[in-house]
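*Asks:* File structure.pdb below, PDB, N, CA and C atoms:
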```pdb
ATOM      1  N   MET A  44     113.680 135.007  85.179
ATOM      2  CA  MET A  44     112.939 135.765  84.206
ATOM      3  C   MET A  44     113.142 135.120  82.841
ATOM      4  N   ILE A  45     112.066 134.991  82.095
ATOM      5  CA  ILE A  45     112.112 134.384  80.770
ATOM      6  C   ILE A  45     111.780 135.443  79.730
ATOM      7  N   VAL A  46     112.575 135.463  78.663
ATOM      8  CA  VAL A  46     112.356 136.423  77.586
ATOM      9  C   VAL A  46     112.013 135.645  76.321
ATOM     10  N   PHE A  47     110.921 136.015  75.682
ATOM     11  CA  PHE A  47     110.495 135.393  74.430
ATOM     12  C   PHE A  47     110.774 136.348  73.282
ATOM     13  N   SER A  48     111.204 135.780  72.187
ATOM     14  CA  SER A  48     111.414 136.562  70.976
ATOM     15  C   SER A  48     110.622 135.880  69.862
ATOM     16  N   PHE A  49     109.744 136.622  69.227
ATOM     17  CA  PHE A  49     108.895 136.057  68.178
ATOM     18  C   PHE A  49     109.339 136.567  66.813
ATOM     19  N   ARG A  50     109.210 135.701  65.831
ATOM     20  CA  ARG A  50     109.565 136.093  64.475
ATOM     21  C   ARG A  50     108.508 136.995  63.852
ATOM     22  N   SER A  51     107.263 136.712  64.238
ATOM     23  CA  SER A  51     106.175 137.510  63.664
ATOM     24  C   SER A  51     105.038 137.635  64.674
ATOM     25  N   LYS A  52     104.108 138.514  64.374
ATOM     26  CA  LYS A  52     102.931 138.693  65.223
ATOM     27  C   LYS A  52     102.095 137.418  65.220
ATOM     28  N   ARG A  53     102.064 136.727  64.097
ATOM     29  CA  ARG A  53     101.291 135.484  63.974
ATOM     30  C   ARG A  53     101.842 134.411  64.930
ATOM     31  N   ASP A  54     103.171 134.292  65.014
ATOM     32  CA  ASP A  54     103.780 133.339  65.944
ATOM     33  C   ASP A  54     103.400 133.664  67.386
ATOM     34  N   LYS A  55     103.412 134.929  67.710
ATOM     35  CA  LYS A  55     103.053 135.374  69.061
ATOM     36  C   LYS A  55     101.608 135.007  69.374
ATOM     37  N   GLU A  56     100.696 135.269  68.458
ATOM     38  CA  GLU A  56      99.281 134.956  68.665
ATOM     39  C   GLU A  56      99.062 133.454  68.764
ATOM     40  N   HIS A  57      99.793 132.690  67.952
ATOM     41  CA  HIS A  57      99.672 131.235  67.978
ATOM     42  C   HIS A  57     100.098 130.687  69.345
ATOM     43  N   LEU A  58     101.229 131.167  69.853
ATOM     44  CA  LEU A  58     101.706 130.726  71.156
ATOM     45  C   LEU A  58     100.759 131.167  72.267
ATOM     46  N   LEU A  59     100.218 132.354  72.162
ATOM     47  CA  LEU A  59      99.267 132.846  73.162
ATOM     48  C   LEU A  59      98.015 131.967  73.196
ATOM     49  N   ASP A  60      97.500 131.598  72.027
ATOM     50  CA  ASP A  60      96.339 130.710  71.969
ATOM     51  C   ASP A  60      96.634 129.362  72.624
ATOM     52  N   LYS A  61      97.801 128.798  72.340
ATOM     53  CA  LYS A  61      98.187 127.521  72.947
ATOM     54  C   LYS A  61      98.284 127.643  74.462
ATOM     55  N   ALA A  62      98.876 128.725  74.926
ATOM     56  CA  ALA A  62      99.034 128.928  76.370
ATOM     57  C   ALA A  62      97.675 129.057  77.063
ATOM     58  N   LYS A  63      96.741 129.744  76.427
ATOM     59  CA  LYS A  63      95.407 129.888  77.007
ATOM     60  C   LYS A  63      94.698 128.545  77.085
ATOM     61  N   LYS A  64      94.842 127.712  76.038
ATOM     62  CA  LYS A  64      94.231 126.380  76.058
ATOM     63  C   LYS A  64      94.860 125.527  77.155
ATOM     64  N   MET A  65      96.174 125.606  77.300
ATOM     65  CA  MET A  65      96.852 124.838  78.338
ATOM     66  C   MET A  65      96.386 125.287  79.724
ATOM     67  N   GLU A  66      96.195 126.581  79.894
ATOM     68  CA  GLU A  66      95.731 127.109  81.172
ATOM     69  C   GLU A  66      94.333 126.582  81.485
ATOM     70  N   GLU A  67      93.476 126.534  80.473
ATOM     71  CA  GLU A  67      92.111 126.033  80.650
ATOM     72  C   GLU A  67      92.131 124.565  81.071
ATOM     73  N   TYR A  68      92.936 123.751  80.378
ATOM     74  CA  TYR A  68      93.015 122.333  80.724
ATOM     75  C   TYR A  68      93.644 122.119  82.093
ATOM     76  N   ALA A  69      94.622 122.921  82.432
ATOM     77  CA  ALA A  69      95.261 122.793  83.747
ATOM     78  C   ALA A  69      94.265 123.086  84.860
ATOM     79  N   SER A  70      93.424 124.093  84.683
ATOM     80  CA  SER A  70      92.432 124.401  85.720
ATOM     81  C   SER A  70      91.401 123.284  85.826
ATOM     82  N   MET A  71      91.055 122.669  84.705
ATOM     83  CA  MET A  71      90.120 121.535  84.741
ATOM     84  C   MET A  71      90.734 120.358  85.489
ATOM     85  N   ILE A  72      92.015 120.102  85.266
ATOM     86  CA  ILE A  72      92.698 119.003  85.949
ATOM     87  C   ILE A  72      92.761 119.261  87.447
ATOM     88  N   VAL A  73      93.050 120.497  87.834
ATOM     89  CA  VAL A  73      93.102 120.846  89.255
ATOM     90  C   VAL A  73      91.737 120.618  89.901
ATOM     91  N   GLU A  74      90.673 121.021  89.249
ATOM     92  CA  GLU A  74      89.323 120.812  89.785
ATOM     93  C   GLU A  74      89.023 119.334  89.951
ATOM     94  N   CYS A  75      89.392 118.524  88.966
ATOM     95  CA  CYS A  75      89.149 117.078  89.047
ATOM     96  C   CYS A  75      89.902 116.459  90.217
ATOM     97  N   ILE A  76      91.131 116.872  90.415
ATOM     98  CA  ILE A  76      91.929 116.331  91.517
ATOM     99  C   ILE A  76      91.335 116.753  92.859
ATOM    100  N   GLU A  77      90.919 118.004  92.967
ATOM    101  CA  GLU A  77      90.307 118.458  94.216
ATOM    102  C   GLU A  77      89.010 117.713  94.493
ATOM    103  N   ASP A  78      88.192 117.490  93.470
ATOM    104  CA  ASP A  78      86.944 116.755  93.642
ATOM    105  C   ASP A  78      87.205 115.315  94.058
ATOM    106  N   SER A  79      88.224 114.697  93.484
ATOM    107  CA  SER A  79      88.522 113.305  93.839
ATOM    108  C   SER A  79      88.992 113.209  95.284
ATOM    109  N   LYS A  80      89.633 114.241  95.787
ATOM    110  CA  LYS A  80      90.063 114.258  97.190
ATOM    111  C   LYS A  80      88.850 114.145  98.102
ATOM    112  N   TYR A  81      87.812 114.902  97.812
ATOM    113  CA  TYR A  81      86.608 114.849  98.631
ATOM    114  C   TYR A  81      85.891 113.520  98.473
ATOM    115  N   ASP A  82      85.902 112.946  97.281
ATOM    116  CA  ASP A  82      85.285 111.642  97.066
ATOM    117  C   ASP A  82      86.005 110.564  97.867
ATOM    118  N   ASP A  83      87.342 110.628  97.913
ATOM    119  CA  ASP A  83      88.113 109.653  98.683
ATOM    120  C   ASP A  83      87.788 109.748 100.166
ATOM    121  N   GLU A  84      87.676 110.967 100.678
ATOM    122  CA  GLU A  84      87.344 111.148 102.085
ATOM    123  C   GLU A  84      85.959 110.580 102.383
ATOM    124  N   TYR A  85      85.009 110.779 101.468
ATOM    125  CA  TYR A  85      83.661 110.256 101.652
ATOM    126  C   TYR A  85      83.690 108.732 101.661
ATOM    127  N   GLU A  86      84.429 108.117 100.726
ATOM    128  CA  GLU A  86      84.501 106.660 100.657
ATOM    129  C   GLU A  86      85.128 106.074 101.909
ATOM    130  N   GLU A  87      86.187 106.711 102.423
ATOM    131  CA  GLU A  87      86.820 106.222 103.646
ATOM    132  C   GLU A  87      85.856 106.293 104.824
ATOM    133  N   ARG A  88      85.122 107.391 104.928
ATOM    134  CA  ARG A  88      84.169 107.543 106.025
ATOM    135  C   ARG A  88      83.048 106.501 105.910
ATOM    136  N   ALA A  89      82.558 106.260 104.699
ATOM    137  CA  ALA A  89      81.510 105.264 104.486
ATOM    138  C   ALA A  89      82.029 103.871 104.831
ATOM    139  N   TYR A  90      83.286 103.580 104.498
ATOM    140  CA  TYR A  90      83.873 102.272 104.810
ATOM    141  C   TYR A  90      83.963 102.074 106.322
ATOM    142  N   ARG A  91      84.425 103.109 107.031
ATOM    143  CA  ARG A  91      84.527 103.001 108.494
ATOM    144  C   ARG A  91      83.151 102.820 109.116
ATOM    145  N   ASP A  92      82.142 103.546 108.620
ATOM    146  CA  ASP A  92      80.782 103.393 109.138
ATOM    147  C   ASP A  92      80.268 101.983 108.899
ATOM    148  N   ASN A  93      80.564 101.438 107.729
ATOM    149  CA  ASN A  93      80.137 100.087 107.401
ATOM    150  C   ASN A  93      80.815  99.068 108.311
ATOM    151  N   GLU A  94      82.091  99.273 108.606
ATOM    152  CA  GLU A  94      82.818  98.369 109.502
ATOM    153  C   GLU A  94      82.187  98.389 110.893
ATOM    154  N   ARG A  95      81.798  99.564 111.371
ATOM    155  CA  ARG A  95      81.176  99.645 112.693
ATOM    156  C   ARG A  95      79.847  98.916 112.730
ATOM    157  N   GLU A  96      79.085  99.014 111.631
ATOM    158  CA  GLU A  96      77.795  98.324 111.577
ATOM    159  C   GLU A  96      77.968  96.817 111.561
ATOM    160  N   MET A  97      79.076  96.334 111.011
ATOM    161  CA  MET A  97      79.308  94.899 110.915
ATOM    162  C   MET A  97      79.752  94.288 112.228
ATOM    163  N   GLU A  98      80.241  95.101 113.145
ATOM    164  CA  GLU A  98      80.692  94.574 114.431
ATOM    165  C   GLU A  98      79.486  94.070 115.211
ATOM    166  N   GLY A  99      79.651  92.897 115.788
ATOM    167  CA  GLY A  99      78.560  92.303 116.558
ATOM    168  C   GLY A  99      78.540  92.800 117.983
ATOM    169  N   ARG A 100      77.713  92.162 118.783
ATOM    170  CA  ARG A 100      77.554  92.555 120.170
ATOM    171  C   ARG A 100      78.848  92.393 120.948
ATOM    172  N   TYR A 101      79.648  91.392 120.591
ATOM    173  CA  TYR A 101      80.862  91.102 121.343
ATOM    174  C   TYR A 101      82.123  91.664 120.682
ATOM    175  N   GLY A 102      81.967  92.531 119.680
ATOM    176  CA  GLY A 102      83.108  93.220 119.107
ATOM    177  C   GLY A 102      83.845  92.458 118.029
ATOM    178  N   TYR A 103      83.241  91.430 117.455
ATOM    179  CA  TYR A 103      83.907  90.746 116.353
ATOM    180  C   TYR A 103      83.066  90.902 115.087
ATOM    181  N   ARG A 104      83.697  90.728 113.967
ATOM    182  CA  ARG A 104      82.997  90.871 112.698
ATOM    183  C   ARG A 104      82.281  89.586 112.352
ATOM    184  N   ARG A 105      81.104  89.752 111.797
ATOM    185  CA  ARG A 105      80.342  88.582 111.375
ATOM    186  C   ARG A 105      80.969  87.961 110.141
ATOM    187  N   GLY A 106      80.913  86.656 110.051
ATOM    188  CA  GLY A 106      81.392  85.981 108.850
ATOM    189  C   GLY A 106      82.881  85.727 108.843
ATOM    190  N   MET A 107      83.598  86.204 109.826
ATOM    191  CA  MET A 107      85.051  85.981 109.882
ATOM    192  C   MET A 107      85.355  85.059 111.041
ATOM    193  N   ARG A 108      86.336  84.218 110.875
ATOM    194  CA  ARG A 108      86.693  83.268 111.941
ATOM    195  C   ARG A 108      87.995  83.627 112.555
TER     196      ARG A 108
END
```
Can you turn what I pasted into structure tokens?
*Replies:*
Amino acid sequence: MIVFSFRSKRDKEHLLDKAKKMEEYASMIVECIEDSKYDDEYEERAYRDNEREMEGRYGYRRGMR
């Protein structure tokens, strides 16, 4: 448990405003991270699909020796 002691009402309001801004930015960061997770999964799936398309009739990749 954390206990805060403020010198004045103004200090309390100032800290509350800062905390609300931090909360807003934290939620934005969480959304960005969650969105990037889905983008990574999409890129991996697209890469695997591309690899399958590159395989030739005999199971080797074109252009590689």
*Asks:* Report the centre and edge lengths, in Å to one decimal, of an axis-aligned box enclosing every atom of range 49-54 of chain A listed in the file, padded by 8 Å on each side, as lines of an AutoDock Vina configuration file.
*Replies:*
```
center_x = 105.5
center_y = 136.0
center_z = 66.4
size_x = 24.5
size_y = 21.4
size_z = 21.6
```
*Asks:* So how far away is CA of Val46 in chain A from CA of Ala62 in chain A, in Å?
*Replies:*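 For CA of Ala62 in chain A relative to CA of Val46 in chain A, the distance reads 15.3 Å.
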*Asks:* Take CA of Met65 in chain A and CA of Phe49 in chain A and report the distance between them in Å, one decimal.
*Replies:*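 Straight-line distance from CA of Met65 in chain A to CA of Phe49 in chain A works out to 19.3 Å.
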*Asks:* By how many Å are CA of Arg91 in chain A and CA of Val73 in chain A apart?
*Replies:* 27.6 Å
